[in-house]
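Shown next: input_28.csv, given as CSV, C-alpha atoms.
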chain,number,residue,atom,x,y,z
A,34,MET,CA,136.3,195.3,-59.9
A,35,THR,CA,135.8,198.0,-57.3
A,36,VAL,CA,132.2,198.6,-56.3
A,37,ALA,CA,131.6,202.3,-55.6
A,38,THR,CA,129.6,202.6,-52.4
A,39,ASN,CA,128.9,204.8,-49.4
A,40,SER,CA,127.4,204.4,-45.9
A,41,LYS,CA,123.8,204.7,-47.2
A,42,ALA,CA,124.4,201.9,-49.7
A,43,VAL,CA,126.0,199.7,-47.2
A,44,ALA,CA,123.3,200.4,-44.6
A,45,THR,CA,120.6,199.6,-47.2
A,46,ALA,CA,122.3,196.3,-48.0
A,47,MET,CA,122.5,195.4,-44.3
A,48,ARG,CA,118.9,196.4,-43.6
A,49,ASN,CA,117.7,194.2,-46.6
A,50,VAL,CA,119.5,191.2,-45.1
A,51,LEU,CA,118.3,191.8,-41.5
A,52,ASP,CA,114.7,192.5,-42.6
A,53,PHE,CA,114.6,189.2,-44.5
A,54,LEU,CA,116.1,187.3,-41.6
A,55,GLN,CA,113.4,188.7,-39.3
A,56,ASP,CA,110.5,188.3,-41.6
A,57,SER,CA,111.4,184.8,-42.5
A,58,GLU,CA,112.0,183.8,-38.8
A,59,LEU,CA,115.6,183.1,-39.6
A,60,ALA,CA,116.4,185.5,-36.7
A,61,LEU,CA,114.5,185.8,-33.5
A,62,PHE,CA,115.4,189.5,-33.0
A,63,THR,CA,117.2,192.1,-35.1
A,64,ASN,CA,118.5,195.5,-34.0
A,65,PRO,CA,118.2,198.7,-36.0
A,66,VAL,CA,121.1,199.6,-38.3
A,67,LEU,CA,123.1,202.6,-37.0
A,68,GLU,CA,124.5,204.7,-39.9
A,69,THR,CA,127.0,207.5,-39.9
A,70,PRO,CA,129.1,208.7,-42.8
A,71,SER,CA,132.1,206.6,-41.6
A,72,ARG,CA,130.5,203.6,-39.9
A,73,VAL,CA,127.5,201.3,-40.3
A,74,THR,CA,126.8,199.0,-37.4
A,75,PHE,CA,124.4,198.0,-34.6
A,76,PRO,CA,123.5,200.3,-31.6
A,77,LEU,CA,126.2,200.0,-28.9
A,78,ASN,CA,125.6,200.3,-25.2
A,79,ALA,CA,127.9,203.1,-23.9
A,80,GLN,CA,127.8,201.8,-20.3
A,81,GLY,CA,130.6,199.3,-20.7
A,82,PRO,CA,133.4,198.2,-23.0
A,83,PHE,CA,132.6,196.3,-26.2
A,84,LEU,CA,135.2,193.7,-25.5
A,85,VAL,CA,135.9,192.0,-22.1
A,86,ASP,CA,139.5,191.6,-23.2
A,87,ARG,CA,141.5,191.0,-26.4
A,88,SER,CA,141.4,187.2,-26.2
A,89,HIS,CA,139.2,184.9,-28.2
A,90,PRO,CA,135.6,185.4,-27.2
A,91,GLY,CA,134.3,183.1,-24.5
A,92,ILE,CA,131.2,182.7,-22.3
A,93,GLU,CA,131.6,186.0,-20.4
A,94,GLN,CA,132.1,187.9,-23.7
A,95,TYR,CA,129.0,186.3,-25.1
A,96,ARG,CA,127.0,187.2,-22.0
A,97,GLN,CA,128.2,190.8,-22.1
A,98,TRP,CA,127.2,191.2,-25.7
A,99,VAL,CA,123.7,189.7,-25.0
A,100,GLY,CA,123.3,191.8,-21.9
A,101,ALA,CA,124.3,195.0,-23.8
A,102,ASN,CA,122.1,194.1,-26.8
A,103,ALA,CA,125.2,194.4,-28.8
A,104,TYR,CA,124.4,192.5,-32.0
A,105,SER,CA,122.8,192.9,-35.3
A,106,ALA,CA,120.7,189.7,-35.0
A,107,LEU,CA,119.9,187.1,-32.4
A,108,LEU,CA,119.2,183.7,-34.0
A,109,PRO,CA,116.6,181.2,-32.9
A,110,ASP,CA,119.2,179.2,-31.0
A,111,ALA,CA,120.5,182.4,-29.2
A,112,SER,CA,123.6,182.7,-31.4
A,113,LEU,CA,124.6,186.2,-32.5
A,114,LEU,CA,125.4,188.0,-35.7
A,115,GLN,CA,127.3,191.2,-35.7
A,116,PHE,CA,127.8,193.5,-38.7
A,117,THR,CA,130.1,196.5,-38.7
A,118,TYR,CA,131.5,198.3,-41.8
A,119,ASP,CA,133.9,201.3,-41.8
A,120,LEU,CA,134.0,203.6,-44.7
A,121,ASP,CA,136.1,206.4,-46.2
A,122,GLY,CA,134.0,208.3,-48.6
A,123,THR,CA,132.9,205.9,-51.2
A,124,GLU,CA,135.2,203.1,-50.2
A,125,VAL,CA,134.7,200.3,-47.6
A,126,LYS,CA,138.0,200.5,-45.6
A,127,GLY,CA,137.2,197.9,-43.0
A,128,HIS,CA,134.6,195.5,-41.6
A,129,ARG,CA,133.9,193.1,-38.8
A,130,LEU,CA,131.4,190.4,-39.5
A,131,ALA,CA,131.0,187.9,-36.6
A,132,TYR,CA,129.0,184.8,-35.9
A,133,ILE,CA,129.0,183.9,-32.1
A,134,PRO,CA,127.4,180.6,-31.4
A,135,CYS,CA,125.5,180.3,-28.1
A,136,PRO,CA,127.7,178.3,-25.7
A,137,TYR,CA,124.7,176.2,-24.5
A,138,GLU,CA,121.8,174.4,-26.0
A,139,VAL,CA,118.8,176.5,-25.0
A,140,ASP,CA,115.1,176.1,-24.9
A,141,GLN,CA,114.2,178.0,-28.0
A,142,GLU,CA,110.5,178.5,-27.0
A,143,LEU,CA,111.6,180.2,-23.8
A,144,LEU,CA,113.6,182.7,-25.8
A,145,THR,CA,110.4,184.2,-27.1
A,146,SER,CA,109.0,185.0,-23.7
A,147,GLU,CA,111.9,185.2,-21.2
A,148,PRO,CA,115.0,187.5,-20.9
A,149,ILE,CA,117.7,186.0,-23.1
A,150,LEU,CA,120.4,185.9,-20.4
A,151,ASP,CA,118.0,184.2,-18.0
A,152,VAL,CA,117.3,181.5,-20.6
A,153,VAL,CA,121.1,181.1,-21.3
A,154,ASP,CA,122.0,180.9,-17.6
A,155,VAL,CA,119.4,178.2,-16.8
A,156,SER,CA,120.8,176.2,-19.8
A,157,GLN,CA,124.2,175.8,-18.3
A,158,HIS,CA,123.2,172.3,-17.0
A,159,SER,CA,123.0,171.1,-20.6
A,160,GLY,CA,126.8,171.4,-20.8
A,161,TYR,CA,129.1,173.6,-22.7
A,162,LEU,CA,129.0,173.3,-26.5
A,163,MET,CA,132.5,173.5,-28.0
A,164,ARG,CA,131.6,175.8,-30.9
A,165,SER,CA,134.0,178.5,-31.9
A,166,PRO,CA,133.0,182.0,-32.8
A,167,LEU,CA,134.2,183.1,-36.3
A,168,ARG,CA,134.8,186.5,-37.7
A,169,PHE,CA,135.5,187.9,-41.1
A,170,ASP,CA,137.7,190.9,-40.8
A,171,PHE,CA,138.9,193.5,-43.3
A,172,ASP,CA,141.4,196.3,-42.7
A,173,ARG,CA,143.7,197.3,-45.5
A,174,ASP,CA,145.8,199.5,-43.2
A,175,ALA,CA,146.5,196.7,-40.7
A,176,CYS,CA,147.9,194.3,-43.3
A,177,LYS,CA,151.2,192.8,-42.5
A,178,PRO,CA,152.9,189.3,-42.6
A,179,GLY,CA,150.6,186.9,-40.7
A,180,HIS,CA,147.8,189.4,-40.7
A,181,PRO,CA,146.1,189.5,-44.2
A,182,ALA,CA,144.0,192.6,-45.0
A,183,ALA,CA,141.0,190.4,-45.4
A,184,HIS,CA,140.8,187.2,-43.3
A,185,LEU,CA,138.7,184.7,-41.4
A,186,THR,CA,139.5,184.4,-37.7
A,187,ILE,CA,138.4,181.1,-36.1
A,188,ASN,CA,139.3,179.0,-33.0
A,189,GLY,CA,141.9,181.6,-31.7
A,190,THR,CA,143.1,185.1,-32.2
A,191,ASP,CA,146.2,184.0,-34.1
A,192,CYS,CA,144.3,181.8,-36.6
A,193,ARG,CA,143.8,184.2,-39.5
A,194,MET,CA,142.9,182.6,-42.9
A,195,ALA,CA,143.4,184.9,-45.8
A,196,CYS,CA,140.4,185.9,-47.9
A,197,ILE,CA,140.3,187.2,-51.4
A,198,ALA,CA,138.3,190.4,-50.6
A,199,ALA,CA,136.0,192.2,-48.3
A,200,LEU,CA,132.7,190.4,-47.7
A,201,HIS,CA,129.1,191.6,-48.6
A,202,PRO,CA,126.5,191.2,-45.8
A,203,LEU,CA,124.5,188.7,-47.8
A,204,ARG,CA,127.7,186.7,-48.6
A,205,PHE,CA,128.4,186.6,-44.9
A,206,VAL,CA,124.9,185.3,-43.9
A,207,ASP,CA,125.0,182.9,-46.8
A,208,PHE,CA,128.2,181.4,-45.4
A,209,VAL,CA,126.8,181.2,-41.8
A,210,TYR,CA,123.5,179.5,-42.8
A,211,ARG,CA,125.0,177.3,-45.5
A,212,HIS,CA,127.5,175.8,-43.0
A,213,PHE,CA,125.7,175.9,-39.6
A,214,TYR,CA,122.0,175.9,-40.5
A,215,PRO,CA,121.8,174.0,-43.7
A,216,GLY,CA,118.1,173.1,-43.4
A,217,LEU,CA,117.2,176.8,-43.1
A,218,TRP,CA,119.6,177.6,-45.9
A,219,LYS,CA,118.0,175.1,-48.2
A,220,ALA,CA,114.5,176.4,-47.3
A,221,HIS,CA,115.2,179.9,-48.8
A,222,PRO,CA,117.0,179.3,-52.2
A,223,ASP,CA,115.8,182.6,-53.7
A,224,PHE,CA,117.2,184.7,-50.9
A,225,PHE,CA,120.6,182.9,-50.5
A,226,GLY,CA,120.8,182.3,-54.3
A,227,GLU,CA,121.6,186.0,-54.8
A,228,ALA,CA,124.7,185.9,-52.6
A,229,PRO,CA,127.1,185.0,-55.5
A,230,PHE,CA,126.1,188.3,-57.2
A,231,ARG,CA,126.8,190.5,-54.2
A,232,HIS,CA,130.2,192.3,-54.1
A,233,ILE,CA,131.6,195.0,-51.9
A,234,GLY,CA,135.3,195.3,-52.9
A,235,GLU,CA,138.1,194.3,-55.2
A,236,ARG,CA,140.6,191.5,-54.8
A,237,ILE,CA,142.9,192.2,-51.8
A,238,LEU,CA,144.7,188.8,-51.6
A,239,ASP,CA,148.4,189.3,-52.1
A,240,GLU,CA,150.7,186.8,-53.8
A,241,GLU,CA,152.3,185.5,-50.6
A,242,ASP,CA,148.9,184.7,-49.0
A,243,ALA,CA,147.7,183.2,-52.2
A,244,LEU,CA,150.4,180.5,-51.8
A,245,THR,CA,148.8,179.3,-48.5
A,246,VAL,CA,145.4,177.8,-47.8
A,247,HIS,CA,142.9,180.6,-48.1
A,248,LEU,CA,139.3,181.5,-48.8
A,249,THR,CA,138.2,182.6,-52.3
A,250,TRP,CA,135.0,183.3,-54.2
A,251,ASP,CA,133.9,184.9,-57.4
A,252,ILE,CA,134.1,188.7,-57.0
A,253,HIS,CA,133.1,189.5,-60.6
A,254,ALA,CA,129.9,187.5,-61.1
A,255,ARG,CA,127.0,189.6,-62.2
A,256,GLY,CA,123.3,189.0,-61.7
A,257,GLY,CA,120.1,190.8,-62.6
A,258,LEU,CA,120.3,193.0,-59.5
A,259,SER,CA,122.8,195.7,-58.4
A,260,ALA,CA,126.0,194.3,-57.0
A,261,LEU,CA,125.6,196.0,-53.6
A,262,ASN,CA,121.9,195.7,-52.8
Here is the file; what I need is its structure written in the form of structure tokens.
Amino acid sequence: MTVATNSKAVATAMRNVLDFLQDSELALFTNPVLETPSRVTFPLNAQGPFLVDRSHPGIEQYRQWVGANAYSALLPDASLLQFTYDLDGTEVKGHRLAYIPCPYEVDQELLTSEPILDVVDVSQHSGYLMRSPLRFDFDRDACKPGHPAAHLTINGTDCRMACIAALHPLRFVDFVYRHFYPGLWKAHPDFFGEAPFRHIGERILDEEDALTVHLTWDIHARGGLSALN
């Protein structure tokens, strides 16, 4: 099943997710959704590069993203969510959905009153938390052996686990909160319960990748609401 869409529909879906996270205090801060006909993302600071380098994100990369306000949502523990979708007319042709854990255990009360980087920097004495960022990527044009069109990158840039399809924003946050914030996930069953009925693309998993360990989910389930909202 291909879900016909466009930048406005994707932006609406993203705003619905971010508004709920903010209103329900599942996120400490959210940024506006930046929408163009070909891309839906968060505002980017043009004063510096988005990536420090092409390696797996580390502490300096995290600090740069926080300092540049380069995220869709900042969570109560100072972890980040980033949503970016690329479109070609009515088709999602790519996305980058990232969860970047804060590298330290921070004083969450200070986050509401002090600059985020100041709170992070004074938290270094707590010790580094060995938590890997993860990213759901989709790029049909970049597909090649060892680089599935849709994949989950975790623990290193060469670790790409094939996925069945592109991922809806609500599916993404459902994955993050279900696995990393299970108490918050259980507290909002109505919101997260809609995730199985949210689709944004057709099956993209090829037969070779299907033979390996991969991620799959129901991409045809229908609920009482629109597939994309």
TODO: Mind listing whatever residues come within 12 Å of the point (112.1, 183.8, -26.5)? Use all atoms listed in the file, file coordinates, and give them as a PyMOL selection string.
DONE: chain A and resi 60-62+107-111+139-153
Deliver the residues from the most recent selection as a file, using C-alpha atoms, as a PDB file, in the frame of the given file.
ATOM      1  CA  ALA A  60     116.400 185.500 -36.700  1.00  0.00           C
ATOM      2  CA  LEU A  61     114.500 185.800 -33.500  1.00  0.00           C
ATOM      3  CA  PHE A  62     115.400 189.500 -33.000  1.00  0.00           C
ATOM      4  CA  LEU A 107     119.900 187.100 -32.400  1.00  0.00           C
ATOM      5  CA  LEU A 108     119.200 183.700 -34.000  1.00  0.00           C
ATOM      6  CA  PRO A 109     116.600 181.200 -32.900  1.00  0.00           C
ATOM      7  CA  ASP A 110     119.200 179.200 -31.000  1.00  0.00           C
ATOM      8  CA  ALA A 111     120.500 182.400 -29.200  1.00  0.00           C
ATOM      9  CA  VAL A 139     118.800 176.500 -25.000  1.00  0.00           C
ATOM     10  CA  ASP A 140     115.100 176.100 -24.900  1.00  0.00           C
ATOM     11  CA  GLN A 141     114.200 178.000 -28.000  1.00  0.00           C
ATOM     12  CA  GLU A 142     110.500 178.500 -27.000  1.00  0.00           C
ATOM     13  CA  LEU A 143     111.600 180.200 -23.800  1.00  0.00           C
ATOM     14  CA  LEU A 144     113.600 182.700 -25.800  1.00  0.00           C
ATOM     15  CA  THR A 145     110.400 184.200 -27.100  1.00  0.00           C
ATOM     16  CA  SER A 146     109.000 185.000 -23.700  1.00  0.00           C
ATOM     17  CA  GLU A 147     111.900 185.200 -21.200  1.00  0.00           C
ATOM     18  CA  PRO A 148     115.000 187.500 -20.900  1.00  0.00           C
ATOM     19  CA  ILE A 149     117.700 186.000 -23.100  1.00  0.00           C
ATOM     20  CA  LEU A 150     120.400 185.900 -20.400  1.00  0.00           C
ATOM     21  CA  ASP A 151     118.000 184.200 -18.000  1.00  0.00           C
ATOM     22  CA  VAL A 152     117.300 181.500 -20.600  1.00  0.00           C
ATOM     23  CA  VAL A 153     121.100 181.100 -21.300  1.00  0.00           C
TER      24      VAL A 153
END
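Candidate residues A:Thr38, A:Ser165, A:Thr249, A:Ser159 were compared for distance to Leu120 (chain A), and the nearest is A:Thr38, using all atoms listed in the file.
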Open item on the list: Please determine, counting only C-alpha atoms, which residue among A:Tyr161, A:Asn78, A:Gln115, A:Val50 has the shortest atom-to-atom distance to Gly100 (chain A).
Closed with: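 Of A:Tyr161, A:Asn78, A:Gln115, A:Val50, the one nearest Gly100 (chain A), counting only C-alpha atoms, is A:Asn78.
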Task: Pick from A:Ala254, A:Cys176, A:Ile92, A:Leu51 nearest to Cys135 (chain A), counting all atoms listed in the file - done: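 Of all the options, A:Ile92 lies closest to Cys135 (chain A).
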Open item on the list: For Leu200 (chain A), find every residue with an atom within 9 Å (counting all atoms listed in the file), except residues of its own chain fewer than 5 positions away, and show them as a ChimeraX atom specification.
Closed with: /A:128,130,169-171,183,205,231-234
Task: Exercise: Glu235 (chain A) partners within 12 Å, all atoms listed in the file, chain neighbours under 4 positions left out, as a list in words - done: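 Near Glu235 (chain A), the qualifying residues are Met34, Thr35, Val36, Ala37, Glu124, Val125, Lys126, Phe171, Arg173, Ala182, Ala183, Cys196, Ile197, Ala198, Ala199, Leu200, His201, Arg231, Asp239, Trp250, Asp251, Ile252 and His253 of chain A.
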Open item on the list: Using only C-alpha atoms for the distances, tell me which of A:Pro70, A:Pro136, A:Pro229, A:Pro65 is nearest to Val206 (chain A).
Closed with: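 The answer is A:Pro229, which sits nearest to Val206 (chain A).
Counting from CA of Phe230 (chain A), the distance to CA of Ala46 (chain A) is 12.8 Å.
Counting from CA of Asp154 (chain A), the distance to CA of Pro90 (chain A) is 17.2 Å.
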Open item on the list: Which residues are near region 215-219 of chain A? Cut-off 12 Å, only C-alpha atoms, ignore same chain within fewer than 5 positions. Put them as a ChimeraX atom specification.
Closed with: /A:54,57-60,108-109,206-210,224-226,228
TODO: Please determine the residues with any atom at most 6 Å from (147.5, 184.4, -44.8) (coordinates as given in the file, with only C-alpha atoms counting) and report them as a ChimeraX atom specification.
DONE: /A:179,181,194-195,242
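Separating CA of Val155 (chain A) from CA of Ala131 (chain A) is a distance of 24.9 Å.
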Task: Using only C-alpha atoms: which of A:Glu227, A:Glu240, A:Asp121, A:Asp56 has the shortest distance to Arg204 (chain A) - done: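 Smallest distance to Arg204 (chain A) is found for A:Glu227.
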Open item on the list: Between A:Ser156, A:Thr117, A:Thr63, A:Thr69, which residue has the minimum interatomic distance to Pro202 (chain A), considering all atoms listed in the file?
Closed with: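 The closest residue to Pro202 (chain A) is A:Thr117.
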Which polymer residues have any atom within 8 Å of an atom of Asn64 (chain A), counting all atoms listed in the file, with same-chain residues fewer than 6 positions away left out, as a compact mmCIF listing (two decimals) with C-alpha atoms, in the frame of the given file?
# COMPACT_ATOMS: atom_id res chain seq x y z
CA PHE A 75 124.40 198.00 -34.60
CA PRO A 76 123.50 200.30 -31.60
CA TYR A 104 124.40 192.50 -32.00
CA SER A 105 122.80 192.90 -35.30
CA ALA A 106 120.70 189.70 -35.00
- [ ] Tell me, as a ChimeraX atom specification, which residues lie within 9 Å of Val73 (chain A), counting all atoms listed in the file; anything in the same chain fewer than 3 positions away does not count.
- [x] /A:40-41,43-44,47,66-70,116-120
